[in-house]
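One file, entry_21.cif, carrying mmCIF, C-alpha atoms and all ligand atoms:
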```cif
data_coords
#
loop_
_atom_site.label_atom_id
_atom_site.label_comp_id
_atom_site.auth_asym_id
_atom_site.auth_seq_id
_atom_site.Cartn_x
_atom_site.Cartn_y
_atom_site.Cartn_z
CA MET A 1 -117.56 -78.00 57.60
CA GLU A 2 -116.18 -77.53 54.11
CA TYR A 3 -114.71 -74.13 53.29
CA VAL A 4 -114.29 -72.73 49.78
CA ASN A 5 -112.77 -69.68 48.15
CA LEU A 6 -115.75 -67.70 46.92
CA THR A 7 -113.35 -65.09 45.57
CA PRO A 8 -109.54 -65.28 45.61
CA ASP A 9 -109.44 -63.64 49.05
CA ILE A 10 -112.82 -64.52 50.61
CA THR A 11 -113.07 -67.97 52.15
CA VAL A 12 -116.52 -69.09 53.26
CA SER A 13 -118.24 -72.14 54.65
CA LYS A 14 -120.10 -73.95 51.91
CA LEU A 15 -123.23 -73.58 54.03
CA CYS A 16 -124.26 -69.93 54.23
CA PHE A 17 -126.75 -68.81 56.90
CA GLY A 18 -129.66 -67.27 54.98
CA SER A 19 -130.94 -64.77 57.53
CA LEU A 20 -134.20 -63.72 55.81
CA THR A 21 -135.95 -66.44 57.81
CA VAL A 22 -135.26 -65.06 61.32
CA GLY A 23 -136.35 -61.47 60.71
CA LYS A 24 -139.62 -59.58 60.34
CA LEU A 25 -140.38 -60.80 56.79
CA GLN A 26 -140.65 -64.40 58.00
CA ALA A 27 -140.36 -65.89 61.53
CA ASN A 28 -140.00 -62.47 63.19
CA LEU A 29 -138.10 -64.04 66.09
CA PRO A 30 -137.41 -61.86 69.12
CA LEU A 31 -134.04 -60.14 68.68
CA GLU A 32 -132.23 -62.15 71.34
CA ARG A 33 -133.65 -65.46 70.07
CA GLY A 34 -132.79 -64.79 66.43
CA ALA A 35 -129.27 -63.76 67.40
CA GLU A 36 -128.90 -66.97 69.43
CA VAL A 37 -129.75 -69.11 66.39
CA ILE A 38 -127.26 -67.27 64.17
CA ALA A 39 -124.58 -67.39 66.89
CA TYR A 40 -125.18 -71.12 67.26
CA ALA A 41 -124.54 -71.63 63.55
CA LEU A 42 -121.32 -69.61 63.87
CA SER A 43 -120.25 -71.77 66.82
CA ARG A 44 -120.78 -74.85 64.61
CA GLY A 45 -118.40 -73.59 61.91
CA VAL A 46 -120.68 -71.60 59.60
CA ASN A 47 -118.76 -68.39 58.82
CA PHE A 48 -120.97 -66.91 56.10
CA ILE A 49 -124.20 -64.90 56.57
CA ASP A 50 -126.47 -63.59 53.82
CA THR A 51 -128.66 -60.59 54.56
CA ALA A 52 -130.17 -57.56 52.79
CA GLN A 53 -131.14 -53.98 53.47
CA LEU A 54 -134.74 -55.08 52.83
CA TYR A 55 -134.67 -57.71 55.57
CA GLU A 56 -134.12 -55.09 58.33
CA ASN A 57 -132.31 -57.71 60.40
CA TYR A 58 -128.83 -56.21 60.83
CA ASP A 59 -129.50 -55.99 64.60
CA TYR A 60 -129.80 -59.78 64.82
CA ILE A 61 -126.51 -60.22 63.02
CA ARG A 62 -124.63 -57.60 65.03
CA LEU A 63 -125.77 -59.24 68.26
CA ALA A 64 -124.89 -62.71 66.94
CA LEU A 65 -121.41 -61.50 65.99
CA GLN A 66 -120.94 -60.11 69.49
CA LYS A 67 -122.09 -63.41 71.00
CA SER A 68 -119.74 -65.37 68.75
CA GLY A 69 -116.67 -63.68 70.23
CA HIS A 70 -115.09 -63.52 66.75
CA PRO A 71 -117.04 -60.75 65.04
CA ASN A 72 -114.44 -60.11 62.36
CA ASP A 73 -114.00 -63.74 61.29
CA VAL A 74 -117.47 -63.92 59.74
CA VAL A 75 -118.13 -63.12 56.08
CA ILE A 76 -121.24 -60.97 55.67
CA SER A 77 -122.98 -60.50 52.35
CA THR A 78 -125.72 -57.91 51.99
CA LYS A 79 -127.64 -56.32 49.13
CA THR A 80 -129.62 -53.22 48.25
CA TYR A 81 -132.21 -52.05 45.74
CA ALA A 82 -130.38 -48.72 45.43
CA TYR A 83 -130.24 -47.42 41.88
CA SER A 84 -128.56 -44.04 42.45
CA ARG A 85 -125.18 -43.14 43.88
CA GLU A 86 -126.77 -41.43 46.88
CA LEU A 87 -129.03 -44.37 47.73
CA ALA A 88 -126.09 -46.76 47.39
CA ARG A 89 -124.00 -44.56 49.70
CA GLU A 90 -126.81 -44.59 52.27
CA ALA A 91 -127.12 -48.40 52.00
CA VAL A 92 -123.39 -48.95 52.51
CA GLU A 93 -123.20 -46.55 55.45
CA GLN A 94 -126.32 -48.05 57.04
CA ALA A 95 -124.81 -51.55 56.83
CA ARG A 96 -121.44 -50.43 58.21
CA SER A 97 -123.09 -48.66 61.12
CA ALA A 98 -125.78 -51.25 61.95
CA LEU A 99 -123.42 -54.21 61.63
CA ASP A 100 -120.68 -52.33 63.51
CA ARG A 101 -118.17 -53.05 60.76
CA ASP A 102 -115.74 -50.81 58.90
CA VAL A 103 -115.64 -53.26 56.00
CA ILE A 104 -118.57 -55.15 54.45
CA ASP A 105 -117.34 -58.32 52.79
CA ILE A 106 -119.84 -58.59 49.94
CA PHE A 107 -122.26 -55.91 48.74
CA MET A 108 -124.71 -56.74 45.98
CA LEU A 109 -127.47 -55.20 43.94
CA HIS A 110 -130.69 -56.97 44.98
CA GLU A 111 -133.00 -58.87 42.58
CA GLN A 112 -131.38 -57.77 39.34
CA GLU A 113 -133.12 -59.09 36.24
CA SER A 114 -131.11 -58.41 33.09
CA GLU A 115 -128.58 -56.21 31.37
CA HIS A 116 -131.32 -53.56 31.27
CA THR A 117 -131.80 -53.41 35.05
CA LEU A 118 -128.01 -53.39 35.42
CA ARG A 119 -127.87 -50.35 33.17
CA GLY A 120 -130.65 -48.76 35.23
CA HIS A 121 -128.61 -49.36 38.41
CA ARG A 122 -125.30 -48.33 36.88
CA GLU A 123 -124.79 -45.36 39.23
CA ALA A 124 -125.26 -47.53 42.30
CA LEU A 125 -123.00 -50.22 40.87
CA GLU A 126 -120.28 -47.68 40.09
CA TYR A 127 -120.49 -46.49 43.69
CA LEU A 128 -120.05 -50.07 44.96
CA PHE A 129 -117.02 -50.49 42.71
CA GLU A 130 -115.58 -47.26 44.17
CA CYS A 131 -116.16 -48.62 47.69
CA ARG A 132 -114.27 -51.76 46.67
CA GLU A 133 -111.39 -49.55 45.47
CA ARG A 134 -111.44 -47.70 48.81
CA GLY A 135 -111.43 -50.99 50.72
CA ILE A 136 -114.74 -50.61 52.55
CA ILE A 137 -116.29 -53.40 50.46
CA ARG A 138 -114.28 -56.49 49.59
CA ALA A 139 -116.47 -57.85 46.79
CA VAL A 140 -119.34 -56.61 44.62
CA GLY A 141 -122.15 -58.74 43.22
CA ALA A 142 -125.76 -59.13 42.20
CA SER A 143 -128.55 -61.39 43.40
CA THR A 144 -131.06 -62.65 40.89
CA HIS A 145 -133.95 -64.91 39.94
CA ASN A 146 -133.17 -64.49 36.26
CA VAL A 147 -130.85 -66.34 33.93
CA ALA A 148 -130.73 -63.13 31.87
CA LEU A 149 -128.99 -61.30 34.69
CA ILE A 150 -125.95 -63.56 34.58
CA ARG A 151 -125.96 -63.40 30.80
CA GLY A 152 -126.14 -59.59 31.07
CA VAL A 153 -123.20 -59.39 33.49
CA LEU A 154 -121.10 -61.43 31.07
CA LYS A 155 -122.27 -59.52 27.99
CA LEU A 156 -121.51 -56.13 29.55
CA GLY A 157 -118.18 -57.40 30.93
CA LEU A 158 -118.96 -56.00 34.40
CA PRO A 159 -116.23 -56.68 36.97
CA LEU A 160 -118.49 -58.41 39.50
CA ASP A 161 -116.86 -60.71 42.04
CA VAL A 162 -119.94 -62.82 42.83
CA VAL A 163 -123.46 -63.61 41.70
CA HIS A 164 -126.17 -64.98 43.97
CA PRO A 165 -128.79 -66.78 41.85
CA ILE A 166 -131.84 -68.79 42.82
CA TYR A 167 -131.17 -72.42 41.87
CA ASN A 168 -133.04 -75.62 42.70
CA MET A 169 -133.99 -78.90 41.06
CA ARG A 170 -137.59 -77.89 40.28
CA SER A 171 -136.67 -74.45 38.87
CA VAL A 172 -138.89 -72.86 41.56
CA GLY A 173 -138.62 -69.08 41.34
CA ILE A 174 -136.41 -68.95 38.24
CA THR A 175 -138.33 -66.33 36.33
CA ASP A 176 -137.06 -66.81 32.79
CA GLY A 177 -135.87 -70.37 32.37
CA SER A 178 -135.10 -73.73 33.91
CA ALA A 179 -132.54 -74.96 36.39
CA ASP A 180 -130.53 -76.25 33.40
CA ASP A 181 -130.53 -72.76 31.89
CA MET A 182 -129.39 -71.27 35.19
CA ARG A 183 -126.67 -73.88 35.57
CA ALA A 184 -125.34 -73.15 32.08
CA ALA A 185 -125.21 -69.43 32.85
CA MET A 186 -123.54 -70.07 36.23
CA GLU A 187 -120.92 -72.26 34.55
CA ASP A 188 -120.08 -69.46 32.14
CA ALA A 189 -119.87 -66.97 35.02
CA LYS A 190 -117.63 -69.32 36.96
CA ALA A 191 -115.37 -69.70 33.92
CA ALA A 192 -115.15 -65.90 33.83
CA GLY A 193 -113.84 -65.91 37.41
CA ILE A 194 -117.08 -64.97 39.20
CA GLY A 195 -117.88 -66.70 42.51
CA ILE A 196 -121.29 -68.36 42.74
CA PHE A 197 -123.36 -68.69 45.89
CA ALA A 198 -126.77 -70.09 45.18
CA MET A 199 -129.97 -69.42 47.10
CA LYS A 200 -133.23 -71.27 47.77
CA PRO A 201 -132.05 -74.86 47.18
CA LEU A 202 -135.38 -75.93 48.73
CA GLY A 203 -137.37 -73.50 46.60
CA GLY A 204 -138.23 -71.32 49.59
CA GLY A 205 -139.92 -74.32 51.25
CA HIS A 206 -141.68 -75.94 48.28
CA LEU A 207 -139.17 -78.81 48.30
CA PHE A 208 -139.12 -79.66 52.04
CA ALA A 209 -140.66 -83.08 51.33
CA GLU A 210 -137.76 -84.00 49.04
CA ALA A 211 -135.07 -82.00 50.85
CA ALA A 212 -132.29 -84.58 50.50
CA ASP A 213 -132.67 -84.82 46.72
CA ALA A 214 -132.97 -81.04 46.49
CA PHE A 215 -129.79 -80.40 48.50
CA ASN A 216 -127.90 -83.10 46.58
CA TYR A 217 -128.90 -81.49 43.29
CA VAL A 218 -127.33 -78.16 44.27
CA LEU A 219 -124.32 -79.62 46.09
CA ASP A 220 -123.57 -81.80 43.04
CA THR A 221 -123.38 -78.77 40.76
CA PRO A 222 -119.62 -78.12 40.55
CA CYS A 223 -119.85 -74.43 39.67
CA VAL A 224 -121.77 -73.63 42.87
CA ASP A 225 -119.27 -72.52 45.50
CA ALA A 226 -121.63 -72.00 48.44
CA VAL A 227 -125.32 -72.27 49.20
CA ALA A 228 -127.49 -69.96 51.31
CA VAL A 229 -130.08 -71.84 53.34
CA GLY A 230 -132.67 -70.15 55.55
CA MET A 231 -132.69 -71.41 59.15
CA GLN A 232 -134.86 -70.58 62.15
CA SER A 233 -133.68 -72.88 64.95
CA GLU A 234 -130.68 -74.76 66.30
CA THR A 235 -132.33 -78.00 65.13
CA GLU A 236 -132.41 -76.73 61.55
CA VAL A 237 -128.78 -75.56 61.84
CA ASP A 238 -127.74 -79.02 63.04
CA ALA A 239 -129.75 -80.75 60.30
CA ASN A 240 -128.27 -78.62 57.52
CA ILE A 241 -124.71 -78.95 58.81
CA ALA A 242 -125.17 -82.72 59.08
CA PHE A 243 -126.39 -82.88 55.50
CA PHE A 244 -123.61 -80.69 54.12
CA GLU A 245 -121.03 -82.82 55.94
CA SER A 246 -122.40 -86.32 55.35
CA ARG A 247 -125.21 -85.98 52.77
CA GLN A 248 -127.66 -87.35 55.31
CA PHE A 249 -130.16 -85.72 57.63
CA PRO A 250 -130.45 -87.03 61.17
CA PRO A 251 -133.59 -89.30 61.09
CA GLU A 252 -135.68 -86.99 63.27
CA ALA A 253 -134.84 -83.96 61.08
CA ASP A 254 -135.70 -85.93 57.95
CA ARG A 255 -139.14 -86.72 59.37
CA ALA A 256 -139.72 -83.11 60.46
CA LEU A 257 -138.76 -81.78 57.03
CA ARG A 258 -141.14 -84.14 55.28
CA LEU A 259 -143.98 -82.83 57.42
CA LYS A 260 -142.98 -79.18 57.22
CA ARG A 261 -145.07 -76.91 55.02
CA ARG A 262 -144.89 -73.19 54.31
CA ARG A 263 -147.57 -71.16 52.61
CA LEU A 264 -148.47 -67.57 51.83
CA ILE A 265 -151.78 -66.45 53.27
CA ILE A 266 -153.77 -63.33 52.43
CA GLU A 267 -156.24 -62.45 55.18
CA ASP A 268 -159.80 -61.50 54.25
CA TYR A 269 -159.33 -57.94 55.55
CA CYS A 270 -157.19 -57.21 52.47
CA ILE A 271 -158.37 -53.86 51.07
CA GLY A 272 -157.39 -54.67 47.49
CA CYS A 273 -154.82 -51.88 47.13
CA HIS A 274 -152.66 -53.94 44.70
CA ALA A 275 -149.38 -52.91 46.36
CA CYS A 276 -148.38 -56.55 46.80
CA VAL A 277 -149.29 -57.40 43.20
CA ASP A 278 -146.95 -54.66 41.98
CA ARG A 279 -144.20 -55.78 44.37
CA CYS A 280 -144.08 -59.48 43.46
CA ARG A 281 -141.52 -60.03 40.72
CA SER A 282 -142.59 -63.66 40.43
CA HIS A 283 -146.04 -62.52 39.26
CA ALA A 284 -147.57 -64.84 41.85
CA LEU A 285 -150.25 -62.38 43.02
CA TYR A 286 -153.28 -61.36 41.05
CA VAL A 287 -156.67 -59.79 41.61
CA GLU A 288 -159.87 -61.74 41.09
CA GLY A 289 -162.92 -59.54 41.53
CA VAL A 290 -162.08 -57.59 44.68
CA THR A 291 -159.91 -60.33 46.17
CA THR A 292 -156.14 -60.67 45.93
CA MET A 293 -155.10 -64.24 45.20
CA CYS A 294 -151.81 -66.14 45.18
CA ASP A 295 -150.67 -68.62 42.56
CA HIS A 296 -148.82 -70.92 44.93
CA ASP A 297 -146.92 -72.58 42.09
CA LYS A 298 -145.27 -69.26 41.27
CA CYS A 299 -144.77 -68.02 44.85
CA ARG A 300 -141.21 -68.63 46.07
CA LEU A 301 -142.22 -67.72 49.66
CA CYS A 302 -139.66 -64.93 49.89
CA GLY A 303 -141.94 -62.70 51.96
CA TYR A 304 -140.91 -59.58 50.02
CA CYS A 305 -144.59 -58.62 49.58
CA VAL A 306 -145.21 -58.66 53.35
CA PRO A 307 -143.91 -55.18 54.24
CA VAL A 308 -145.70 -53.36 51.42
CA CYS A 309 -149.15 -54.34 52.71
CA PRO A 310 -150.65 -51.33 54.52
CA VAL A 311 -152.99 -53.52 56.62
CA PHE A 312 -150.60 -56.41 57.38
CA ALA A 313 -152.84 -58.87 55.54
CA ILE A 314 -150.02 -61.05 54.13
CA LYS A 315 -148.29 -63.75 56.12
CA VAL A 316 -145.80 -66.47 55.21
CA ILE A 317 -146.38 -69.23 57.77
S1 LIG B 401 -146.18 -63.56 46.47
FE1 LIG B 401 -144.86 -62.56 48.02
S2 LIG B 401 -143.79 -64.30 48.99
FE2 LIG B 401 -144.62 -65.06 47.01
S3 LIG B 401 -142.97 -64.74 45.51
FE3 LIG B 401 -144.29 -62.92 45.45
S4 LIG B 401 -143.27 -61.46 46.83
FE4 LIG B 401 -142.45 -63.51 47.31
S1 LIG B 402 -150.94 -55.15 49.81
FE1 LIG B 402 -152.28 -56.04 51.39
S2 LIG B 402 -154.18 -54.84 51.25
FE2 LIG B 402 -153.03 -54.45 49.37
S3 LIG B 402 -153.84 -55.98 47.91
FE3 LIG B 402 -152.03 -56.88 48.87
S4 LIG B 402 -152.85 -58.07 50.61
FE4 LIG B 402 -154.45 -56.67 49.97
#
```
Would you mind writing the file out in structure tokens?
Amino acid sequence: MEYVNLTPDITVSKLCFGSLTVGKLQANLPLERGAEVIAYALSRGVNFIDTAQLYENYDYIRLALQKSGHPNDVVISTKTYAYSRELAREAVEQARSALDRDVIDIFMLHEQESEHTLRGHREALEYLFECRERGIIRAVGASTHNVALIRGVLKLGLPLDVVHPIYNMRSVGITDGSADDMRAAMEDAKAAGIGIFAMKPLGGGHLFAEAADAFNYVLDTPCVDAVAVGMQSETEVDANIAFFESRQFPPEADRALRLKRRRLIIEDYCIGCHACVDRCRSHALYVEGVTTMCDHDKCRLCGYCVPVCPVFAIKVI
């Protein structure tokens, strides 16, 4: 496993365990089972886990850390939609308590879009900076699907340590530009001393059939320090580690990936409340007559619309 300095004092495995996939927004694995998969990745040398307040999966991670036997050697990155100081304080304290950690390695604002949303979240960001000063957060960042966010960070001169952008060879999920645009912005951020860990190299599942090319594209981008990849089983952990180490999938994993498909489904008992349409920042959902529809080309299969549905009509399978 290759390790890199994401910030001057945070060293991570290049492969980051994207934990969205194990929790209730996606596979919804039983707690013990999800923790086993994460712990297996840790036993194989992955030392970096990405999570979020939204994912509600801190229990999986805490249990996996206990199973690993080295709970403090793992770098955990989480994120929050908090916009006020009080909400940010609650998010930090919730993470510290649920993860059983005094110090959270990386705390980010979630799904930031531009300099305007950064201004709107200024109070929360200031609180995170204060936590960094106090030593209960080691690094502060922002996750994004927008090129304009990175441009905004640089324009405002914000002292972020990391950014966590979506980045893949088909520009899946990049809301305001292409992969080339995102790479140019990441290069400028990197030159400004900001660590880059990319997400969704396989476009949330759209690029399974061409996974090797998709991984190579991201791994061959020099400004990308680390890459978060969602995993749901030991087999997927092994396949991803093999690829990151040798640029080849084991033959059986290659075949399985080519056959693997993910899709968002809206059940016909949808009551047309529009909550999911309002929630989706990729503008993938729309109403046709009384039916809610999904534009699958725009959907990045994040599952963020799942919990807002009052009748549990949305599934990512
Ligand atoms: S439709 Fe749902 S799963 Fe697809 S991008 Fe929007 S929020 Fe994510
Ligand atoms: S949130 Fe659920 S019920 Fe409401 S429109 Fe979306 S799928 Fe239908």
Determine, for each residue of chain A having at least one atom at most 9 Å from an atom of ligand LIG 401 (chain B), the closest pair of atoms and their separation in Å to one decimal, counting all atoms listed in the file; order by chain and ascending number, as JSON lines.
```
{"residue": "A:Gly173", "atom": "CA", "partner": "B:LIG401", "partner_atom": "S3", "distance": 7.4}
{"residue": "A:Gly204", "atom": "CA", "partner": "B:LIG401", "partner_atom": "S2", "distance": 9.0}
{"residue": "A:Arg263", "atom": "CA", "partner": "B:LIG401", "partner_atom": "S2", "distance": 8.6}
{"residue": "A:Leu264", "atom": "CA", "partner": "B:LIG401", "partner_atom": "S2", "distance": 6.4}
{"residue": "A:Cys276", "atom": "CA", "partner": "B:LIG401", "partner_atom": "FE1", "distance": 7.1}
{"residue": "A:Val277", "atom": "CA", "partner": "B:LIG401", "partner_atom": "S1", "distance": 7.6}
{"residue": "A:Arg279", "atom": "CA", "partner": "B:LIG401", "partner_atom": "S4", "distance": 6.3}
{"residue": "A:Cys280", "atom": "CA", "partner": "B:LIG401", "partner_atom": "FE3", "distance": 4.0}
{"residue": "A:Arg281", "atom": "CA", "partner": "B:LIG401", "partner_atom": "FE3", "distance": 6.2}
{"residue": "A:Ser282", "atom": "CA", "partner": "B:LIG401", "partner_atom": "S3", "distance": 5.2}
{"residue": "A:His283", "atom": "CA", "partner": "B:LIG401", "partner_atom": "FE3", "distance": 6.4}
{"residue": "A:Ala284", "atom": "CA", "partner": "B:LIG401", "partner_atom": "S1", "distance": 5.0}
{"residue": "A:Leu285", "atom": "CA", "partner": "B:LIG401", "partner_atom": "S1", "distance": 5.5}
{"residue": "A:Cys294", "atom": "CA", "partner": "B:LIG401", "partner_atom": "S1", "distance": 6.3}
{"residue": "A:Asp295", "atom": "CA", "partner": "B:LIG401", "partner_atom": "S1", "distance": 7.8}
{"residue": "A:His296", "atom": "CA", "partner": "B:LIG401", "partner_atom": "FE2", "distance": 7.5}
{"residue": "A:Lys298", "atom": "CA", "partner": "B:LIG401", "partner_atom": "S3", "distance": 6.6}
{"residue": "A:Cys299", "atom": "CA", "partner": "B:LIG401", "partner_atom": "FE2", "distance": 3.7}
{"residue": "A:Arg300", "atom": "CA", "partner": "B:LIG401", "partner_atom": "S3", "distance": 4.3}
{"residue": "A:Leu301", "atom": "CA", "partner": "B:LIG401", "partner_atom": "S2", "distance": 3.8}
{"residue": "A:Cys302", "atom": "CA", "partner": "B:LIG401", "partner_atom": "FE4", "distance": 4.1}
{"residue": "A:Gly303", "atom": "CA", "partner": "B:LIG401", "partner_atom": "S2", "distance": 3.8}
{"residue": "A:Tyr304", "atom": "CA", "partner": "B:LIG401", "partner_atom": "S4", "distance": 4.4}
{"residue": "A:Cys305", "atom": "CA", "partner": "B:LIG401", "partner_atom": "S4", "distance": 4.2}
{"residue": "A:Val306", "atom": "CA", "partner": "B:LIG401", "partner_atom": "FE1", "distance": 6.6}
{"residue": "A:Ile314", "atom": "CA", "partner": "B:LIG401", "partner_atom": "FE1", "distance": 8.1}
{"residue": "A:Lys315", "atom": "CA", "partner": "B:LIG401", "partner_atom": "S2", "distance": 8.4}
{"residue": "A:Val316", "atom": "CA", "partner": "B:LIG401", "partner_atom": "S2", "distance": 6.9}
```
Residues within 8 Å of Ser143 in chain A, all atoms listed in the file, excluding chain neighbours under 2 positions, as an mmCIF file with C-alpha atoms, keeping the file's coordinate frame:
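Contents of the output file out22.cif:
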```
data_model
loop_
_atom_site.group_PDB
_atom_site.id
_atom_site.type_symbol
_atom_site.label_atom_id
_atom_site.label_comp_id
_atom_site.auth_asym_id
_atom_site.auth_seq_id
_atom_site.Cartn_x
_atom_site.Cartn_y
_atom_site.Cartn_z
ATOM 1 C CA LYS A 79 -127.640 -56.320 49.130
ATOM 2 C CA MET A 108 -124.710 -56.740 45.980
ATOM 3 C CA LEU A 109 -127.470 -55.200 43.940
ATOM 4 C CA HIS A 110 -130.690 -56.970 44.980
ATOM 5 C CA GLU A 111 -133.000 -58.870 42.580
ATOM 6 C CA GLN A 112 -131.380 -57.770 39.340
ATOM 7 C CA GLY A 141 -122.150 -58.740 43.220
ATOM 8 C CA HIS A 145 -133.950 -64.910 39.940
ATOM 9 C CA VAL A 163 -123.460 -63.610 41.700
ATOM 10 C CA HIS A 164 -126.170 -64.980 43.970
ATOM 11 C CA PRO A 165 -128.790 -66.780 41.850
#
```
Test item: residues no farther than 10 Å from ligand LIG 402 (chain B), counting only C-alpha atoms and all ligand atoms, as JSON, numbers by chain: {"A": [265, 266, 267, 268, 269, 270, 271, 272, 273, 274, 275, 276, 277, 278, 279, 280, 285, 286, 287, 290, 291, 292, 293, 294, 305, 306, 307, 308, 309, 310, 311, 312, 313, 314, 315]}
Would you compute an axis-aligned box for range 162-168 of chain A, covering every atom listed for it in the file with 3 Å of margin on each side, and report centre and edge lengths in Å to one decimal as lines of an AutoDock Vina configuration file?
```
center_x = -126.5
center_y = -69.2
center_z = 42.8
size_x = 19.1
size_y = 18.8
size_z = 8.3
```
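Distances here use all atoms listed in the file; by that measure, the residue among A:Glu245, A:Ser171, A:Leu118, A:Glu236 closest to Gly152 in chain A is A:Leu118.
Reported to one decimal place, the separation of CA of Tyr58 in chain A from CA of Ala27 in chain A is 15.1 Å.
Here the question is which of A:Ser114, A:Asn146, A:Thr80, A:Thr21 gets nearest to Leu54 in chain A using all atoms listed in the file, and that residue is A:Thr80.
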Find the spatial neighbours of Ala82 in chain A, counting all atoms listed in the file, within a cut-off of 10 Å - ignore same-chain residues fewer than 4 positions away - and output them as a count of residues only. 16
Please compute the CA of Tyr127 in chain A-CA of Leu158 in chain A distance, one decimal, in Å. 13.4 Å
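Of the listed residues (A:Ile38, A:Ala209, A:Ile49, A:Val140), A:Val140 comes nearest to Pro159 in chain A; the distances count only C-alpha atoms.
Among the candidate residues A:Arg138, A:Asn72, A:Leu65, A:Glu115, the one lying nearest to Asp9 in chain A is A:Arg138, with distances computed using only C-alpha atoms.
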List the neighbours of Ile166 in chain A out to 7 Å using all atoms listed in the file; skip same-chain residues closer than 5 positions along the sequence, and give me the result as a PyMOL selection string. chain A and resi 144-145+173-174+198-200
Using only C-alpha atoms, which protein or nucleic acid residues come within 12 Å of Asp213 in chain A? Drop anything in the same chain fewer than 4 positions from it, and give the result as a PyMOL selection string. chain A and resi 168-170+201-202+207-209+217-220+243+247-249+254
Keeping only C-alpha atoms, write the selected residues as a short mmCIF file (atom, residue, chain, number, x, y, z; two decimals), in the coordinates of the input.
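Saved to out25.cif:
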```cif
data_model
loop_
_atom_site.label_atom_id
_atom_site.label_comp_id
_atom_site.auth_asym_id
_atom_site.auth_seq_id
_atom_site.Cartn_x
_atom_site.Cartn_y
_atom_site.Cartn_z
CA ASN A 168 -133.04 -75.62 42.70
CA MET A 169 -133.99 -78.90 41.06
CA ARG A 170 -137.59 -77.89 40.28
CA PRO A 201 -132.05 -74.86 47.18
CA LEU A 202 -135.38 -75.93 48.73
CA LEU A 207 -139.17 -78.81 48.30
CA PHE A 208 -139.12 -79.66 52.04
CA ALA A 209 -140.66 -83.08 51.33
CA TYR A 217 -128.90 -81.49 43.29
CA VAL A 218 -127.33 -78.16 44.27
CA LEU A 219 -124.32 -79.62 46.09
CA ASP A 220 -123.57 -81.80 43.04
CA PHE A 243 -126.39 -82.88 55.50
CA ARG A 247 -125.21 -85.98 52.77
CA GLN A 248 -127.66 -87.35 55.31
CA PHE A 249 -130.16 -85.72 57.63
CA ASP A 254 -135.70 -85.93 57.95
#
```
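If only C-alpha atoms are the atoms counted, then among A:Arg85, A:Arg33, A:Arg44, A:Lys155 the closest residue to Ala239 in chain A is A:Arg44.
Taking CA of Glu36 in chain A as the reference point, CA of Gly23 in chain A is found at 12.7 Å.
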Would you mind telling me which residue in A:Leu156, A:Leu128, A:Ala148, A:Ile241 lies nearest to Leu42 in chain A when using all atoms listed in the file? A:Ile241
Counting only C-alpha atoms, select every polymer residue within 8 Å of (-134.2, -63.2, 58.3) as defined in the file's coordinates, and provide the selection as a ChimeraX atom specification. /A:18-28,51,55,57,230
So which residues touch Arg183 in chain A within 8 Å, counting all atoms listed in the file, skipping near sequence neighbours fewer than 6 positions away, as a PyMOL selection string? chain A and resi 167+221+223
List every protein, DNA or RNA residue that has at least one atom no more than 8 Å from (-117.2, -59.9, 48.7) in the file's coordinates, counting all atoms listed in the file, and write the result as a list in words. Thr7, Ile10, Ser77, Ile104, Asp105, Ile106, Phe107, Ile137, Arg138, Ala139, Val140, Gly141, Asp161 and Val162 of chain A
